[in-house]
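Undergrad: First, the structure itself, so that you have it in front of you.
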Amino acid sequence: MKGAIHITHEAAQKIGGIGAVLSGLCTTNIYQNFYHKTFFFGPLFQDKVGITDRLGPNSKVLFSSLDGIKQSIYDQKLQDIVDLYHIDVIYGQKEIFDDIDPQKKAFVDIILLGIKNIRKDLLDTFKFRLWENFRFSCEKFEQDWDFEQYLRIAIPIRSLVNIFFQDSDTIDYYSHEYMGVATCLNILMDKTEHERIIFYAHEVSTARMVTEKLTGHDISFYHLLKNDKEYEIKLEERFGSYAHFSRNELVKLASLFDEILAVGDWVKSEYLYLNPATDNSIINICYNGIPIRKISYEQKQESRKKLQTYCENLFNFTPDVIMTHVSRLVISKGLWRDISLLEELDNIFAEKKIKGFFILLSSLIGTGRPSNDILNMEKDYGWPVWHKENWPDLVGYENDVFWSLHYFNAKSKAIKGIFLNQYGFEKSQLGNRFPDETNFSDLRIASDMELGMSIYEPFGIAQIETVPYGGIAVVSRACGCAFLLEKGWKNENIKAFHIIDFAENLKKEYPWATLTSDQRSIIEKQIIKREVKQIFKKIPKTDKEREKLFNICQRETSYLEWEDICKGILK
């Protein structure tokens, strides 16, 4: 039997990019033919929730030391682990689905560990072994629970593996980012010939931190990276030591693994910038994929009508062009660039007598806001056209995002935008003005243009989800998906904003290492102003243009699909 164990924080709940990768990857035919059994493995974050919420939606708990449930054939062996390690074990099975195509699904096993009271002697012994074998010092990170919880789940891994697998079985361990490094190091200390250890580099944490911190963001960071590579300067020589950052130290140890899967060209460069002694041959670029449905143009039009109705309900006009941005709400998404582009497009739209509707779907609350709160806000002050500060509405960075979009709406002549600070895209989550029988797939299918001009984006699944349905992907060169689009498809309708490349011509005027936020803003606006006419030209503005692009995209984008991407991952 051949099995896969994925160590991740999204074992039970799909929250962001890693969850999207797991659902996309595991639901493919290639993956299911390659692996006979798949485990999602991670910490138990909440021990106070009810049994139905332990493993997330579409799941069944078969063993739970917290709830006294014993319905699996492994009950006694799992109880022995509970007793031996002084931990809680939740084991069960889950059905996962593809967001865009629910017909694609897979069954996986899940193990969550509650490790708050793990035996101290075993914890101390494991920490000593990490120092003894890898010179990894845990002491300076012991007050960081994010580090400590992923360290602790590593301790029982061998005992758990022995329950579910035979000695002759082949097992691949996937450390999704830093979360699984400690677990994989434990396996590495007595790894068998039937085991393989893989670091799935969805990002390089230190590179993200540095890029976000620099006032010049991606423009500064990637130019310095290219310059320093030529002179053999390391990331920490340029930006100072990050030895105090646990993720930095864990990620470096991935160089000891059998393989590193980098989700983009920049990720490979970033890893070698951080850890240049790594054997280059173990780092393979394996882009992410997206789910693709084959649909008719009539189906696209039906989805468009739903979002046009939503715009009518909110703003009392029917849009000609629908623009979207689906993302996590973090600084790396570069949302201020959206506003800069929308301002330039608004002038052209007004001149051409075209109306546009922009939807930003992003929230700091990963679990979503309760439906009752959404209904109350809608009734009380017209959410989502208007927002108010503080819970249950705007929190943290959401305030800045709304006010930026609000100021744009106050000045704009032809484009209006809404900020949906909610997780999900259905009527139950978005209020009474949201059209019936509308869901997330309608948002992807209906979009004429998806924005995604991030400052740090290792790949960017959401940025290209609209492409198979005739949507234009407007992304920055910092996005890994830009490289995939350019390598796989020469169609001029899909092209990245080459913010980094364009800025190369300005290096004498703007030194990268000292680039200020004001200088960066000037560069960004120059590029957007220069490129906006080309972007406008590419946007499908009539049904004839839309249908033509839709047919091309449905025919020529299979290389973006997970089934195709899997061929480079599973070997």
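Order determines the names: the first chain of the structure tokens is A, the second B, and so forth; residues in each chain are numbered 1 upward, and ligands are numbered 1 upward as they are shown.
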Just list the residues in segment 405-461 of chain A DSSP gives helix (DSSP H, G or I) on the backbone, as a list of chain:residue names.
TA: A:Leu405, A:His406, A:Tyr407, A:Phe408, A:Asn409, A:Ala410, A:Lys411, A:Lys427, A:Ser428, A:Gln429, A:Leu430, A:Phe440, A:Ser441, A:Asp442, A:Leu443, A:Arg444, A:Ile445, A:Ala446, A:Ile461
Undergrad: Write a file of the just-selected residues containing C-alpha atoms, as a CSV table (one decimal), in the first residue's frame.
TA:
chain,number,residue,atom,x,y,z
A,405,LEU,CA,-12.9,51.7,-1.5
A,406,HIS,CA,-15.4,54.1,-0.1
A,407,TYR,CA,-13.4,57.1,-1.2
A,408,PHE,CA,-13.1,55.6,-4.6
A,409,ASN,CA,-16.8,55.1,-4.9
A,410,ALA,CA,-17.4,58.7,-3.8
A,411,LYS,CA,-15.4,60.0,-6.7
A,427,LYS,CA,-27.4,34.1,0.3
A,428,SER,CA,-27.3,32.7,3.8
A,429,GLN,CA,-23.9,34.5,4.3
A,430,LEU,CA,-24.5,37.7,2.4
A,440,PHE,CA,-18.9,30.9,-5.3
A,441,SER,CA,-18.7,29.2,-8.7
A,442,ASP,CA,-20.9,32.0,-10.1
A,443,LEU,CA,-18.4,34.5,-8.9
A,444,ARG,CA,-15.6,32.7,-10.7
A,445,ILE,CA,-17.5,32.1,-13.9
A,446,ALA,CA,-19.1,35.5,-14.2
A,461,ILE,CA,-4.7,30.2,-7.1
Undergrad: Contacts between segment 553-561 of chain A and segment 286-369 of chain A, please, where a residue of segment 286-369 of chain A counts if it comes within 12 Å (with only C-alpha atoms); show its shortest atom pair and distance in Å to one decimal, rows by chain and ascending number, as a Markdown table.
TA:
| residue | atom | partner | partner_atom | distance |
| --- | --- | --- | --- | --- |
| A:Cys286 | CA | A:Leu560 | CA | 11.7 |
| A:Tyr287 | CA | A:Leu560 | CA | 9.0 |
| A:Asn288 | CA | A:Leu560 | CA | 8.1 |
| A:Gly289 | CA | A:Glu561 | CA | 5.1 |
| A:Ile290 | CA | A:Glu561 | CA | 5.1 |
| A:Pro291 | CA | A:Glu561 | CA | 5.7 |
| A:Ile292 | CA | A:Glu561 | CA | 6.1 |
| A:Arg293 | CA | A:Gln554 | CA | 8.6 |
| A:Lys294 | CA | A:Gln554 | CA | 6.8 |
| A:Ile295 | CA | A:Gln554 | CA | 8.1 |
| A:Ser296 | CA | A:Gln554 | CA | 9.2 |
| A:Tyr297 | CA | A:Gln554 | CA | 9.7 |
| A:Lys300 | CA | A:Gln554 | CA | 11.4 |
Undergrad: Smallest atom-to-atom distance to Gly452 of chain A: which of A:Asn432, A:Thr466, A:Thr438, A:Ser327, using only C-alpha atoms?
TA: A:Ser327
Undergrad: Do a neighbour search on segment 26-33 of chain A at 7 Å with only C-alpha atoms, toss out local chain neighbours closer than 5 positions, and write the hits as number ranges by chain.
TA: A: 98, 104-106, 562-563, 566
Undergrad: Any chance you could export the current selection's N, CA, C and O atoms as a PDB file, in the first residue's frame?
TA:
ATOM      1  N   ASP A  98     -14.040  19.674  -4.411  1.00  0.00           N
ATOM      2  CA  ASP A  98     -13.500  20.768  -5.196  1.00  0.00           C
ATOM      3  C   ASP A  98     -14.484  21.932  -5.141  1.00  0.00           C
ATOM      4  O   ASP A  98     -15.681  21.745  -5.311  1.00  0.00           O
ATOM      5  N   LYS A 104     -16.098  16.464  -8.108  1.00  0.00           N
ATOM      6  CA  LYS A 104     -14.765  15.962  -7.774  1.00  0.00           C
ATOM      7  C   LYS A 104     -14.633  15.901  -6.258  1.00  0.00           C
ATOM      8  O   LYS A 104     -14.731  16.927  -5.580  1.00  0.00           O
ATOM      9  N   LYS A 105     -14.393  14.722  -5.729  1.00  0.00           N
ATOM     10  CA  LYS A 105     -14.326  14.564  -4.275  1.00  0.00           C
ATOM     11  C   LYS A 105     -13.377  13.442  -3.910  1.00  0.00           C
ATOM     12  O   LYS A 105     -12.963  12.646  -4.760  1.00  0.00           O
ATOM     13  N   ALA A 106     -13.049  13.379  -2.631  1.00  0.00           N
ATOM     14  CA  ALA A 106     -12.144  12.342  -2.131  1.00  0.00           C
ATOM     15  C   ALA A 106     -12.421  12.112  -0.653  1.00  0.00           C
ATOM     16  O   ALA A 106     -12.907  13.006   0.057  1.00  0.00           O
ATOM     17  N   TRP A 562      -5.644  20.848 -12.098  1.00  0.00           N
ATOM     18  CA  TRP A 562      -4.918  20.022 -11.147  1.00  0.00           C
ATOM     19  C   TRP A 562      -4.513  18.677 -11.735  1.00  0.00           C
ATOM     20  O   TRP A 562      -3.435  18.161 -11.434  1.00  0.00           O
ATOM     21  N   GLU A 563      -5.359  18.092 -12.570  1.00  0.00           N
ATOM     22  CA  GLU A 563      -5.019  16.797 -13.172  1.00  0.00           C
ATOM     23  C   GLU A 563      -3.696  16.884 -13.932  1.00  0.00           C
ATOM     24  O   GLU A 563      -2.868  15.975 -13.877  1.00  0.00           O
ATOM     25  N   CYS A 566      -0.648  17.628 -11.419  1.00  0.00           N
ATOM     26  CA  CYS A 566      -0.257  16.472 -10.601  1.00  0.00           C
ATOM     27  C   CYS A 566       0.878  15.662 -11.209  1.00  0.00           C
ATOM     28  O   CYS A 566       1.644  15.022 -10.496  1.00  0.00           O
TER      29      CYS A 566
END
Undergrad: Smallest atom-to-atom distance to Glu457 of chain A: which of A:Leu253, A:Cys479, A:Val474, A:Ala414, using only C-alpha atoms?
TA: A:Cys479
Undergrad: When distances are computed from only C-alpha atoms, which of A:Ser65, A:Glu195, A:Arg238, A:Leu185 shows the smallest separation from Ala254 of chain A?
TA: A:Leu185
Undergrad: Show which residues sit within 10 Å of Lys37 of chain A, as a VMD selection string. Count only C-alpha atoms, and ignore same-chain residues fewer than 6 positions away.
TA: chain A and resid 1 to 5 107 to 109 164 to 165 171
Undergrad: For Tyr150 of chain A, which residue out of A:Thr8, A:Lys94, A:Ile198, A:Asn58 is the nearest one, using only C-alpha atoms?
TA: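 Checking each candidate against Tyr150 of chain A, we get A:Thr8 as the closest.
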Undergrad: Got a sec: who's within 7 Å of Phe550 of chain A, counting only C-alpha atoms, leaving out chain neighbours fewer than 4 positions off, as a ChimeraX atom specification?
TA: /A:469-470,546,554
Undergrad: Given only C-alpha atoms as the basis, pick out the residue of A:Ile374, A:Ile285, A:Ile418, A:Val321 nearest to Asp543 of chain A.
TA: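 Selected residue with least distance to Asp543 of chain A: A:Val321.
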